[in-house]
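Raw contents of model-v5.txt, compact mmCIF, C-alpha atoms and all ligand atoms:
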# COMPACT_ATOMS: atom_id res chain seq x y z
CA MET A 975 17.28 15.86 -53.41
CA LYS A 976 18.64 12.50 -54.51
CA THR A 977 17.68 9.40 -52.58
CA LEU A 978 19.22 5.95 -52.88
CA ILE A 979 17.50 2.84 -51.56
CA ILE A 980 19.79 0.07 -50.37
CA ASN A 981 18.57 -3.49 -49.94
CA GLY A 982 20.62 -5.19 -47.19
CA SER A 983 19.11 -8.67 -47.42
CA PRO A 984 21.37 -11.67 -48.15
CA ARG A 985 18.45 -12.79 -50.35
CA ALA A 986 18.81 -9.59 -52.38
CA ASN A 987 15.79 -9.16 -54.65
CA HIS A 988 14.20 -12.53 -53.81
CA GLY A 989 13.10 -11.87 -50.25
CA ASN A 990 10.81 -9.91 -48.00
CA THR A 991 12.99 -6.79 -47.95
CA GLN A 992 12.48 -6.49 -51.71
CA LEU A 993 8.73 -6.72 -51.24
CA PHE A 994 8.89 -3.92 -48.66
CA ILE A 995 10.90 -1.79 -51.11
CA ASP A 996 8.50 -2.51 -53.97
CA HIS A 997 5.46 -1.47 -51.95
CA PHE A 998 7.23 1.62 -50.62
CA GLN A 999 8.14 2.53 -54.20
CA SER A 1000 4.52 2.04 -55.36
CA GLY A 1001 3.65 5.16 -53.35
CA LEU A 1002 6.17 7.32 -55.26
CA THR A 1003 5.64 9.16 -58.54
CA GLN A 1004 9.33 8.67 -59.47
CA PRO A 1005 10.90 5.32 -58.62
CA LEU A 1006 14.17 5.52 -56.68
CA PRO A 1007 17.33 3.61 -57.62
CA VAL A 1008 17.98 0.45 -55.58
CA ARG A 1009 21.37 -1.14 -54.85
CA TYR A 1010 21.96 -4.56 -53.31
CA VAL A 1011 24.61 -4.94 -50.59
CA LEU A 1012 24.98 -8.62 -51.48
CA ARG A 1013 26.17 -7.81 -54.99
CA GLU A 1014 28.51 -4.95 -54.15
CA ASN A 1015 31.97 -4.39 -52.84
CA PRO A 1016 31.30 -2.58 -49.52
CA THR A 1017 34.07 -0.01 -50.05
CA THR A 1018 32.83 0.92 -53.53
CA LEU A 1019 29.21 1.13 -52.42
CA ALA A 1020 30.13 3.24 -49.36
CA LEU A 1021 31.94 5.70 -51.66
CA GLU A 1022 29.09 5.87 -54.16
CA MET A 1023 26.60 6.52 -51.38
CA ASN A 1024 28.27 9.93 -51.04
CA ASP A 1025 26.68 10.96 -54.36
CA TYR A 1026 23.24 10.90 -52.75
CA ASP A 1027 21.63 13.30 -50.28
CA THR A 1028 19.60 10.63 -48.56
CA ILE A 1029 20.11 6.92 -48.02
CA LEU A 1030 17.22 4.61 -47.15
CA LEU A 1031 18.55 1.26 -46.04
CA ALA A 1032 16.05 -1.60 -45.86
CA MET A 1033 17.10 -4.90 -44.29
CA PRO A 1034 15.90 -8.00 -42.43
CA LEU A 1035 16.62 -8.34 -38.72
CA TYR A 1036 19.33 -11.00 -38.28
CA ILE A 1037 20.12 -12.15 -34.72
CA HIS A 1038 18.69 -8.98 -33.22
CA ALA A 1039 20.72 -6.75 -35.52
CA MET A 1040 21.79 -6.15 -39.13
CA PRO A 1041 22.91 -9.03 -41.40
CA GLY A 1042 26.72 -9.52 -41.45
CA ILE A 1043 26.95 -8.08 -44.98
CA VAL A 1044 25.32 -4.82 -43.80
CA MET A 1045 27.78 -4.52 -40.90
CA LYS A 1046 30.58 -4.88 -43.46
CA LEU A 1047 29.06 -1.95 -45.38
CA PHE A 1048 28.91 0.12 -42.17
CA GLU A 1049 32.58 -0.69 -41.53
CA ALA A 1050 33.41 0.80 -44.94
CA MET A 1051 31.62 4.11 -44.22
CA ASN A 1052 33.45 7.19 -42.97
CA PRO A 1053 32.04 10.23 -41.16
CA HIS A 1054 30.77 12.71 -43.74
CA PRO A 1055 32.54 16.07 -43.76
CA THR A 1056 29.29 18.08 -44.17
CA ASN A 1057 26.18 17.59 -42.12
CA HIS A 1058 23.79 17.75 -45.09
CA LYS A 1059 23.29 14.04 -45.52
CA LYS A 1060 20.35 12.05 -44.24
CA ILE A 1061 19.86 8.38 -43.51
CA GLY A 1062 16.79 6.32 -42.59
CA PHE A 1063 16.25 2.61 -42.06
CA ILE A 1064 13.47 0.10 -42.70
CA VAL A 1065 13.83 -3.14 -40.73
CA GLN A 1066 11.53 -6.12 -41.14
CA ALA A 1067 11.68 -9.18 -38.91
CA GLY A 1068 10.22 -12.59 -38.19
CA PHE A 1069 9.30 -12.19 -34.53
CA ILE A 1070 6.02 -10.42 -33.85
CA GLU A 1071 7.06 -7.75 -31.34
CA SER A 1072 9.09 -4.82 -32.68
CA SER A 1073 10.98 -4.45 -29.38
CA THR A 1074 13.33 -7.19 -30.61
CA ALA A 1075 14.75 -4.65 -33.08
CA ARG A 1076 15.33 -2.08 -30.32
CA TYR A 1077 19.02 -3.06 -29.97
CA LEU A 1078 19.56 -2.46 -33.66
CA GLU A 1079 17.57 0.77 -33.62
CA ASN A 1080 19.71 2.16 -30.82
CA TYR A 1081 22.84 1.32 -32.76
CA LEU A 1082 21.55 2.78 -36.04
CA SER A 1083 20.73 6.09 -34.41
CA SER A 1084 24.17 6.22 -32.77
CA LEU A 1085 25.89 5.26 -36.06
CA ALA A 1086 24.03 7.98 -38.00
CA HIS A 1087 25.19 10.50 -35.42
CA TYR A 1088 28.80 9.28 -35.61
CA LEU A 1089 28.77 9.38 -39.43
CA ASN A 1090 27.43 12.95 -39.36
CA TYR A 1091 24.13 12.05 -41.06
CA THR A 1092 20.75 13.40 -39.99
CA TYR A 1093 18.87 10.38 -38.67
CA LEU A 1094 15.41 10.00 -40.24
CA GLY A 1095 14.49 7.16 -37.91
CA THR A 1096 13.96 3.42 -38.21
CA VAL A 1097 10.71 1.88 -39.40
CA ILE A 1098 10.29 -1.56 -37.81
CA LYS A 1099 7.83 -4.23 -38.83
CA GLY A 1100 7.69 -7.63 -37.16
CA ASP A 1101 5.84 -10.78 -38.22
CA ALA A 1102 7.03 -10.31 -41.80
CA ALA A 1103 8.92 -13.57 -42.47
CA ALA A 1104 6.13 -15.07 -44.57
CA CYS A 1105 5.24 -12.05 -46.66
CA SER A 1106 6.92 -13.30 -49.82
CA ILE A 1107 5.52 -16.82 -49.29
CA LEU A 1108 1.84 -16.38 -48.38
CA PRO A 1109 -0.74 -15.01 -50.84
CA HIS A 1110 -0.86 -11.22 -51.17
CA PHE A 1111 -4.16 -10.76 -49.29
CA PHE A 1112 -2.61 -11.85 -45.96
CA PHE A 1113 -0.42 -8.76 -46.08
CA GLY A 1114 -2.71 -6.34 -47.94
CA LYS A 1115 -2.88 -3.91 -45.00
CA LEU A 1116 0.89 -3.88 -44.56
CA PHE A 1117 1.47 -3.22 -48.24
CA LYS A 1118 -0.99 -0.30 -48.17
CA GLN A 1119 0.83 1.19 -45.18
CA LEU A 1120 4.18 0.85 -46.96
CA LYS A 1121 2.75 2.55 -50.03
CA ALA A 1122 1.50 5.42 -47.87
CA LEU A 1123 4.89 5.58 -46.13
CA GLY A 1124 6.48 5.96 -49.58
CA ALA A 1125 4.03 8.67 -50.66
CA GLU A 1126 4.65 10.63 -47.44
CA TYR A 1127 8.39 10.20 -47.85
CA GLU A 1128 8.27 11.70 -51.33
CA LYS A 1129 6.29 14.70 -50.02
CA ASN A 1130 8.24 15.41 -46.83
CA GLU A 1131 11.51 13.50 -47.09
CA SER A 1132 10.84 11.91 -43.76
CA PHE A 1133 9.04 8.88 -42.33
CA ASP A 1134 5.49 9.74 -41.23
CA PRO A 1135 5.47 9.05 -37.45
CA ASN A 1136 1.91 7.83 -37.77
CA PHE A 1137 2.88 4.94 -40.04
CA VAL A 1138 6.05 4.26 -38.10
CA GLU A 1139 3.90 3.75 -34.99
CA LYS A 1140 1.33 1.60 -36.78
CA LEU A 1141 3.95 -0.65 -38.39
CA GLY A 1142 5.80 -1.01 -35.09
CA ASN A 1143 2.81 -2.51 -33.29
CA PRO A 1144 2.88 -4.54 -31.15
CA VAL A 1145 6.03 -3.25 -29.49
CA TYR A 1146 5.72 -5.88 -26.75
CA LEU A 1147 3.47 -8.93 -26.48
CA SER A 1148 0.62 -8.49 -24.01
CA LYS A 1149 -0.05 -11.19 -21.40
CA PHE A 1150 -3.13 -12.12 -23.37
CA GLN A 1151 -1.15 -12.48 -26.62
CA VAL A 1152 1.44 -14.65 -24.87
CA ARG A 1153 -1.30 -16.95 -23.52
CA LEU A 1154 -2.88 -17.14 -26.96
CA LEU A 1155 0.44 -17.85 -28.73
CA GLU A 1156 1.25 -20.55 -26.19
CA SER A 1157 -2.15 -22.22 -26.58
CA CYS A 1158 -2.05 -25.56 -28.40
CA LEU A 1159 -4.03 -24.47 -31.43
CA VAL A 1160 -2.08 -21.28 -32.14
CA LYS A 1161 1.21 -23.07 -31.49
CA LYS A 1162 0.25 -25.63 -34.11
CA LEU A 1163 -0.65 -22.85 -36.58
CA ASP A 1164 2.69 -21.21 -35.82
CA GLN A 1165 4.48 -24.43 -36.77
CA ILE A 1166 2.50 -25.21 -39.93
CA GLY A 1167 4.87 -23.40 -42.28
CA TRP A 1168 8.03 -25.02 -40.91
CA ASN A 1169 6.46 -28.48 -40.75
CA TRP A 1170 5.07 -28.20 -44.26
CA ASN A 1171 8.53 -27.43 -45.60
CA LEU A 1172 10.17 -30.15 -43.49
CA LYS A 1173 7.68 -32.68 -44.85
CA ARG A 1174 8.04 -31.43 -48.41
CA ASN A 1175 11.79 -32.01 -48.11
CA GLY A 1176 11.29 -35.46 -46.58
CA CYS A 1177 13.02 -34.61 -43.31
CA PHE A 1178 10.17 -33.99 -40.85
CA GLU A 1179 11.33 -36.96 -38.74
CA ASN A 1180 14.79 -35.38 -38.51
CA ARG A 1181 13.59 -31.97 -37.39
CA PHE A 1182 15.10 -32.31 -33.90
CA ASP A 1183 18.46 -33.69 -35.15
CA GLN A 1184 21.55 -32.74 -33.17
CA PRO A 1185 24.20 -33.26 -35.86
CA PHE A 1186 27.09 -31.87 -33.84
CA LEU A 1187 26.82 -34.03 -30.75
CA MET B 1104 36.35 -27.75 -18.04
CA LYS B 1105 36.10 -27.81 -21.84
CA THR B 1106 36.64 -24.31 -23.16
CA MET B 1107 36.68 -22.81 -26.64
CA ILE B 1108 38.26 -19.53 -27.68
CA VAL B 1109 37.01 -17.19 -30.39
CA ARG B 1110 39.35 -14.28 -30.89
CA GLU B 1111 39.78 -11.19 -33.00
CA PHE B 1112 42.70 -9.87 -30.96
CA HIS B 1113 45.07 -11.15 -28.31
CA ASP B 1114 47.15 -14.31 -28.63
CA PHE B 1115 45.63 -15.90 -25.58
CA MET B 1116 45.30 -19.68 -25.89
CA LEU B 1117 44.48 -22.55 -23.57
CA PRO B 1118 46.01 -26.01 -23.96
CA ASP B 1119 43.63 -28.58 -25.50
CA SER B 1120 41.02 -26.02 -26.42
CA TYR B 1121 39.63 -25.26 -29.86
CA LEU B 1122 40.50 -21.86 -31.29
CA LEU B 1123 38.52 -19.93 -33.89
CA ASP B 1124 40.79 -17.10 -34.96
CA LEU B 1125 38.57 -14.54 -36.66
CA SER B 1126 41.55 -12.35 -37.45
CA ASP B 1127 42.57 -14.83 -40.13
CA GLN B 1128 39.33 -16.67 -40.93
CA LYS B 1129 36.67 -14.89 -42.96
CA ILE B 1130 33.33 -16.57 -42.19
CA LYS B 1131 31.13 -17.38 -45.19
CA GLY B 1132 27.91 -15.36 -45.17
CA CYS B 1133 24.46 -16.69 -44.26
CA THR B 1134 22.43 -16.80 -47.47
CA GLY B 1135 19.05 -16.73 -45.71
CA CYS B 1136 18.08 -19.99 -47.47
CA TRP B 1137 16.60 -21.76 -44.38
CA ILE B 1138 18.10 -25.07 -45.52
CA CYS B 1139 19.52 -25.49 -41.97
CA TRP B 1140 15.93 -25.48 -40.66
CA TRP B 1141 13.87 -27.27 -43.29
CA LYS B 1142 16.12 -29.48 -45.43
CA THR B 1143 19.16 -30.60 -43.41
CA PRO B 1144 18.00 -29.82 -39.84
CA GLY B 1145 20.86 -28.36 -37.81
CA ARG B 1146 23.35 -28.23 -40.71
CA CYS B 1147 24.27 -25.19 -42.77
CA VAL B 1148 24.90 -25.40 -46.53
CA HIS B 1149 28.39 -24.05 -45.84
CA HIS B 1150 30.81 -26.30 -43.95
CA ASP B 1151 33.48 -23.85 -42.82
CA LEU B 1152 31.96 -23.78 -39.31
CA ASP B 1153 31.36 -27.49 -38.72
CA LEU B 1154 34.22 -27.75 -36.20
CA PHE B 1155 33.10 -24.54 -34.52
CA TYR B 1156 29.55 -25.88 -34.10
CA ARG B 1157 30.82 -29.13 -32.61
CA HIS B 1158 33.07 -27.38 -30.11
CA TYR B 1159 30.53 -24.67 -29.29
CA ILE B 1160 27.85 -27.05 -28.12
CA THR B 1161 30.23 -29.40 -26.33
CA SER B 1162 32.13 -26.66 -24.46
CA GLU B 1163 31.17 -25.56 -21.01
CA LYS B 1164 32.58 -22.13 -21.65
CA VAL B 1165 33.35 -20.04 -24.73
CA ILE B 1166 35.74 -17.11 -24.30
CA PHE B 1167 35.59 -14.31 -26.85
CA TYR B 1168 38.26 -11.64 -27.44
CA LEU B 1169 36.54 -9.03 -29.54
CA THR B 1170 37.43 -5.81 -31.25
CA VAL B 1171 34.91 -2.99 -31.50
CA SER B 1172 34.25 -2.00 -35.08
CA GLN B 1173 32.34 1.18 -36.01
CA GLY B 1174 30.88 1.15 -32.49
CA PHE B 1175 29.56 -2.40 -32.81
CA ILE B 1176 30.74 -5.97 -33.31
CA SER B 1177 32.74 -6.57 -36.50
CA GLY B 1178 31.05 -7.67 -39.72
CA ASN B 1179 32.95 -10.95 -39.53
CA LEU B 1180 31.71 -11.69 -35.99
CA LYS B 1181 28.18 -10.63 -36.97
CA THR B 1182 28.39 -13.14 -39.81
CA LEU B 1183 29.40 -15.82 -37.28
CA PHE B 1184 26.33 -14.96 -35.16
CA ASP B 1185 24.06 -15.15 -38.24
CA ARG B 1186 25.49 -18.59 -38.96
CA MET B 1187 24.65 -19.81 -35.43
CA ILE B 1188 20.94 -20.12 -36.26
CA PRO B 1189 21.26 -23.90 -37.04
CA LEU B 1190 22.08 -24.46 -33.34
CA PHE B 1191 18.42 -23.65 -32.54
CA LEU B 1192 15.05 -24.88 -33.75
CA PRO B 1193 12.74 -22.94 -36.05
CA TYR B 1194 9.92 -23.23 -33.50
CA THR B 1195 9.21 -20.21 -31.31
CA ASN B 1196 8.15 -20.17 -27.68
CA TYR B 1197 6.70 -17.27 -25.75
CA THR B 1198 6.97 -18.53 -22.18
CA SER B 1199 9.34 -15.73 -21.13
CA GLY B 1200 6.79 -13.17 -22.39
CA GLU B 1201 8.85 -12.64 -25.57
CA SER B 1202 9.49 -14.57 -28.77
CA MET B 1203 12.40 -16.97 -28.46
CA HIS B 1204 13.55 -19.93 -30.54
CA ASP B 1205 13.46 -23.38 -28.93
CA LYS B 1206 16.70 -25.18 -28.10
CA ARG B 1207 18.05 -27.80 -30.50
CA TYR B 1208 20.63 -29.02 -27.97
CA GLU B 1209 20.09 -29.59 -24.23
CA ARG B 1210 22.81 -27.25 -23.12
CA TYR B 1211 24.68 -24.21 -24.37
CA PRO B 1212 27.98 -22.85 -23.04
CA ASP B 1213 28.60 -20.03 -20.60
CA ILE B 1214 30.00 -16.97 -22.34
CA GLU B 1215 32.94 -14.83 -21.26
CA ILE B 1216 33.55 -11.79 -23.45
CA HIS B 1217 36.61 -9.55 -23.36
CA TYR B 1218 36.54 -6.64 -25.75
CA HIS B 1219 38.97 -3.98 -26.81
CA ASP B 1220 37.28 -0.94 -25.30
CA THR B 1221 37.55 1.94 -27.78
CA PHE B 1222 34.29 3.66 -26.92
CA LEU B 1223 34.11 7.43 -26.79
CA GLU B 1224 30.83 7.58 -24.90
CA ALA B 1225 29.14 5.51 -22.20
CA ALA B 1226 25.93 5.39 -24.28
CA GLU B 1227 27.74 3.72 -27.20
CA LYS B 1228 29.32 1.19 -24.89
CA LYS B 1229 25.91 0.36 -23.44
CA ILE B 1230 24.49 -0.34 -26.92
CA PHE B 1231 27.37 -2.77 -27.60
CA GLU B 1232 27.14 -4.54 -24.25
CA ASP B 1233 23.32 -4.73 -24.26
CA TYR B 1234 23.43 -6.27 -27.72
CA LEU B 1235 25.88 -9.00 -26.73
CA GLN B 1236 24.00 -9.78 -23.50
CA ARG B 1237 20.77 -10.04 -25.43
CA THR B 1238 22.20 -12.22 -28.18
CA PHE B 1239 23.64 -14.83 -25.85
CA TYR B 1240 20.51 -14.74 -23.69
CA GLN B 1241 18.55 -15.59 -26.85
CA PHE B 1242 21.19 -18.24 -27.59
CA HIS B 1243 20.18 -19.88 -24.27
CA SER B 1244 23.47 -19.27 -22.43
CA LYS B 1245 22.94 -19.00 -18.68
CA ASN B 1246 26.02 -17.07 -17.57
CA ILE B 1247 27.27 -14.20 -19.69
CA SER B 1248 30.06 -11.86 -18.62
CA LEU B 1249 31.50 -8.85 -20.42
CA THR B 1250 34.74 -6.99 -19.70
CA GLY B 1251 36.16 -4.00 -21.57
CA GLU B 1252 39.96 -3.95 -21.67
CA GLN B 1253 42.88 -1.98 -23.05
CA ARG B 1254 41.35 1.38 -23.79
CA GLY B 1255 42.50 2.59 -27.21
CA VAL B 1256 41.59 4.56 -30.29
CA ARG B 1257 38.30 3.99 -32.09
CA LYS B 1258 38.55 2.23 -35.44
C1 LIG C 1 20.19 -15.94 -39.87
C2 LIG C 1 18.84 -15.31 -39.59
C3 LIG C 1 18.66 -14.65 -38.39
C4 LIG C 1 17.42 -14.06 -38.09
N1 LIG C 1 17.27 -13.41 -36.91
C5 LIG C 1 16.10 -12.84 -36.58
C6 LIG C 1 15.92 -12.17 -35.32
O1 LIG C 1 16.85 -12.06 -34.51
N2 LIG C 1 14.71 -11.65 -35.04
C7 LIG C 1 13.67 -11.74 -35.92
O2 LIG C 1 12.59 -11.24 -35.61
N3 LIG C 1 13.80 -12.34 -37.13
C8 LIG C 1 15.00 -12.89 -37.48
N4 LIG C 1 15.15 -13.51 -38.70
C9 LIG C 1 14.01 -13.56 -39.65
C10 LIG C 1 14.15 -12.53 -40.78
O3 LIG C 1 14.28 -11.23 -40.26
C11 LIG C 1 12.91 -12.60 -41.66
O4 LIG C 1 12.74 -13.89 -42.16
C12 LIG C 1 12.97 -11.60 -42.81
O5 LIG C 1 11.69 -11.43 -43.33
C13 LIG C 1 13.91 -12.03 -43.94
O6 LIG C 1 13.98 -11.01 -44.91
P1 LIG C 1 14.56 -11.23 -46.41
O7 LIG C 1 13.70 -12.24 -47.05
O8 LIG C 1 14.49 -9.90 -47.05
O9 LIG C 1 15.98 -11.67 -46.25
C14 LIG C 1 16.36 -14.12 -39.02
C15 LIG C 1 16.56 -14.80 -40.24
C16 LIG C 1 17.78 -15.39 -40.53
C17 LIG C 1 17.97 -16.10 -41.84
Can you present the structure in this file as C-alpha cells?
Amino acid sequence: MKTLIINGSPRANHGNTQLFIDHFQSGLTQPLPVRYVLRENPTTLALEMNDYDTILLAMPLYIHAMPGIVMKLFEAMNPHPTNHKKIGFIVQAGFIESSTARYLENYLSSLAHYLNYTYLGTVIKGDAAACSILPHFFFGKLFKQLKALGAEYEKNESFDPNFVEKLGNPVYLSKFQVRLLESCLVKKLDQIGWNWNLKRNGCFENRFDQPFL
Amino acid sequence: MKTMIVREFHDFMLPDSYLLDLSDQKIKGCTGCWICWWKTPGRCVHHDLDLFYRHYITSEKVIFYLTVSQGFISGNLKTLFDRMIPLFLPYTNYTSGESMHDKRYERYPDIEIHYHDTFLEAAEKKIFEDYLQRTFYQFHSKNISLTGEQRGVRK
C-alpha cells in the first residue's frame, strides 16, 4: 500500500504543519514521500495523487477551514472510478478548542465520500500555533502522541481513535477554562507572543491601527 | 446605504457601489507570514485587496454572489477569506464561551449571500451554509443572510 503525505500549509516546510508531519514520520520505519501544495500545480498534483492508495493531507486551519491553496487542490480532484482509495486528514490550529475545526471536518468527510475515497477521519489539534516557535519541551507530549499516531498508522493504515480523541481535547472550552482565559494574568500571557513580536518590529504603539478608515 | 458587491456569477451591480469581481480577479494567496499582525498592523504584504479592505469596513452591507465549487466555496473566495485576517486583531477573547479574535474596527458590514445552488443533498448544503454563517459571525457581522438560487448542475 502506497501512502503519500501532502503538506497544505502556505508556509510549506517552514511551519507547524511540517513539524506535525516530521513527528508523525518519526513513528514510521519507512518514511513516506511528502509533497507541498504551495509548490505544485493543483491539476498536476491531483493527477499524481492517483498513483497512491492512500493520501494523508496535513494542513493548518485557516478561517475555520482549509487554506485557499488546499481548496484549489480539491477543485482539481475528480471522483475516483474505483472505491479502493483512502484519504485521511491532519488539521492543526491556533485556537484551543478543536470544535472550531468541526465545519472543516464535516466538509472533508463529505468530500471524501463524493470523491469515492474511504474516509480515514480527521485528526484535529488546537493550540498549535506556537509549536515551531517555542522550545521543543513545551510540545513534548504532543510530539510523542504524533509519533505514536504514525506508528499505529503504519501498523493498521488507520488513525488510532485513542490518539485522535486525545489530540482533539478540549473539544469545547469549559466555563472554568473561559474564566481562566479571561482572567487578567492569563490574558496577558496569551498576548506575550504577539506583543513581543510587535515590539521587536518597533510597531507596538501601532498595534490597534485602522489603516483602511 | 453604502453597499459593496463581491461576485463570482451574475452581472448584478448597484450604482456608486464598489465591485469585486472574483470571476476575473485571482486573489493573491495568504503566505501565513503574520506581517499584517506584527509588522504593519492591519496591512497585508500584498496590495491587491487594499480597495476591497477600505470598502468592506466602510460599507453597511456587502452582497455576495457565490458559486458552489466541489461542494464548498471556491478556492479563490477561500483565498479572499484568508486574506481578511488583517481586519481583526491578533488578540483572542473568550467572552462568548469560544475563542474569537478581537475587532480592529468598530463596525463590520451586514452580509447578504446569494449562491448558485447546485447541491445534490441537503446535508451538503447545510455544511456550506453553516460554514458561511460561522465565518461571518467570527468576522463580527451582526446580520447574515443566505439564499440559494438558480438550481443547476454541480461543478
Ligand atoms: C490567514 C490565517 C487564518 C487562520 N485561521 C485560523 C482559524 O480560523 N482557527 C484557528 O484555530 N487558527 C487559525 N489560524 C492559525 C493557524 O492555523 C496556525 O497558526 C497554524 O499552526 C499554522 O500552521 P503552519 O505554520 O503549518 O502554516 C489561521 C492562520 C492564518 C495565517
With all atoms listed in the file as the atoms that count, which of A:Ala1039, A:Val1145, A:Leu1123, A:Ile1064 lies nearest to ligand LIG 1 (chain C)? A:Ala1039
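Each of A:Phe1063, A:Phe1111, A:Phe1069, A:Trp1168 was checked against ligand LIG 1 (chain C) using all atoms listed in the file; the smallest atom-to-atom distance is that of A:Phe1069.
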What does the list of residues within 7 Å of ligand LIG 1 (chain C) look like if you count only C-alpha atoms and all ligand atoms, written as an NGL selection string? (:A and (983-986 or 988-992 or 1033-1039 or 1066-1070 or 1074 or 1100 or 1102-1104)) or (:B and (1133 or 1135-1137 or 1185-1186 or 1188))
Restricting the calculation to all atoms listed in the file: of A:Phe1150, A:Phe1117, A:Phe1133, A:Tyr1077, which residue gets closest to chain B? A:Tyr1077
Please list as a list of chain:residue names every residue within 9 Å of region 1245-1253 of chain B, counting all atoms listed in the file and excluding residues in the same chain fewer than 4 positions away.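 Residues meeting the cut-off are B:Tyr1211, B:Pro1212, B:Asp1213, B:Ile1214, B:Glu1215, B:Ile1216, B:His1217, B:Tyr1218, B:His1219, B:Asp1220, B:Thr1221, B:Glu1232, B:Leu1235, B:Gln1236, B:Phe1239, B:Tyr1240.
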Give me, as an NGL selection string, the contact residues of chain B against chain A at a cut-off of 7 Å, counting all atoms listed in the file. :B and (1134-1135 or 1141-1142 or 1144-1145 or 1156-1157 or 1172-1173 or 1177-1179 or 1181-1182 or 1184-1185 or 1194 or 1197 or 1200-1202 or 1207-1208 or 1230 or 1234 or 1238)
Could you tell me how far CA of Ala1226 (chain B) sits from CA of Leu1169 (chain B), in Å to one decimal place?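 It comes out at 18.7 Å.
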Please provide as a VMD selection string all residues within 12 Å of His1054 (chain A), with the sequence filter that same-chain residues fewer than 6 positions apart are discarded (counting only C-alpha atoms). chain A and resid 1020 to 1021 1023 to 1027 1060 to 1061 1085 to 1092
Filtering to C-alpha atoms, could you give me those residues as a PDB file, in the frame of the given file?
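The resulting file, part.pdb, is shown below:
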ATOM      1  CA  ALA A1020      30.130   3.240 -49.360  1.00  0.00           C
ATOM      2  CA  LEU A1021      31.940   5.700 -51.660  1.00  0.00           C
ATOM      3  CA  MET A1023      26.600   6.520 -51.380  1.00  0.00           C
ATOM      4  CA  ASN A1024      28.270   9.930 -51.040  1.00  0.00           C
ATOM      5  CA  ASP A1025      26.680  10.960 -54.360  1.00  0.00           C
ATOM      6  CA  TYR A1026      23.240  10.900 -52.750  1.00  0.00           C
ATOM      7  CA  ASP A1027      21.630  13.300 -50.280  1.00  0.00           C
ATOM      8  CA  LYS A1060      20.350  12.050 -44.240  1.00  0.00           C
ATOM      9  CA  ILE A1061      19.860   8.380 -43.510  1.00  0.00           C
ATOM     10  CA  LEU A1085      25.890   5.260 -36.060  1.00  0.00           C
ATOM     11  CA  ALA A1086      24.030   7.980 -38.000  1.00  0.00           C
ATOM     12  CA  HIS A1087      25.190  10.500 -35.420  1.00  0.00           C
ATOM     13  CA  TYR A1088      28.800   9.280 -35.610  1.00  0.00           C
ATOM     14  CA  LEU A1089      28.770   9.380 -39.430  1.00  0.00           C
ATOM     15  CA  ASN A1090      27.430  12.950 -39.360  1.00  0.00           C
ATOM     16  CA  TYR A1091      24.130  12.050 -41.060  1.00  0.00           C
ATOM     17  CA  THR A1092      20.750  13.400 -39.990  1.00  0.00           C
TER      18      THR A1092
END
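Take the candidates B:His1150, B:Phe1242, B:Met1104, B:Glu1111 and check each one against Ile1176 (chain B) using all atoms listed in the file; the shortest distance goes to B:Glu1111.
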Could you check which of B:Met1187, B:Leu1154, B:Thr1195, B:Glu1209 is closest to Leu1163 (chain A), using all atoms listed in the file?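 That would be B:Thr1195, the residue with the smallest distance to Leu1163 (chain A).
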For each of B:Gln1241, B:Thr1170, B:Thr1198, B:Ser1120, take the minimum atom-to-atom distance to His1158 (chain B), counting only C-alpha atoms, then give the residue where this is smallest. B:Ser1120
Taking the point (47.6, -12.8, -22.8) as given in the file, collect each protein or nucleic acid residue that comes within 12 Å of it, counting all atoms listed in the file, and present the set as a PyMOL selection string. chain B and resi 1110+1112-1117+1168+1217+1252-1253
Please identify all polymer residues within 7 Å of Phe1191 (chain B), counting only C-alpha atoms, omitting same-chain residues fewer than 5 positions from it, and present them as a CSV table (one decimal) with C-alpha atoms, in the frame of the given file.
chain,number,residue,atom,x,y,z
B,1204,HIS,CA,13.6,-19.9,-30.5
B,1205,ASP,CA,13.5,-23.4,-28.9
B,1206,LYS,CA,16.7,-25.2,-28.1
B,1207,ARG,CA,18.0,-27.8,-30.5
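Straight-line separation from CA of Asp1124 (chain B) to CA of Asp1233 (chain B): 23.9 Å.
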Enclose the full set of atoms of region 1181-1185 of chain A listed in the file within a box whose edges lie along x, y and z, apply 8 Å of padding to each of the six sides, and report centre and edge lengths in Å to one decimal as AutoDock Vina command-line options.
--center_x 18.9 --center_y -32.8 --center_z -35.3 --size_x 26.6 --size_y 17.7 --size_z 20.2
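Distance-wise, CA of Gly1142 (chain A) and CA of Ile1098 (chain A) end up 5.3 Å apart.
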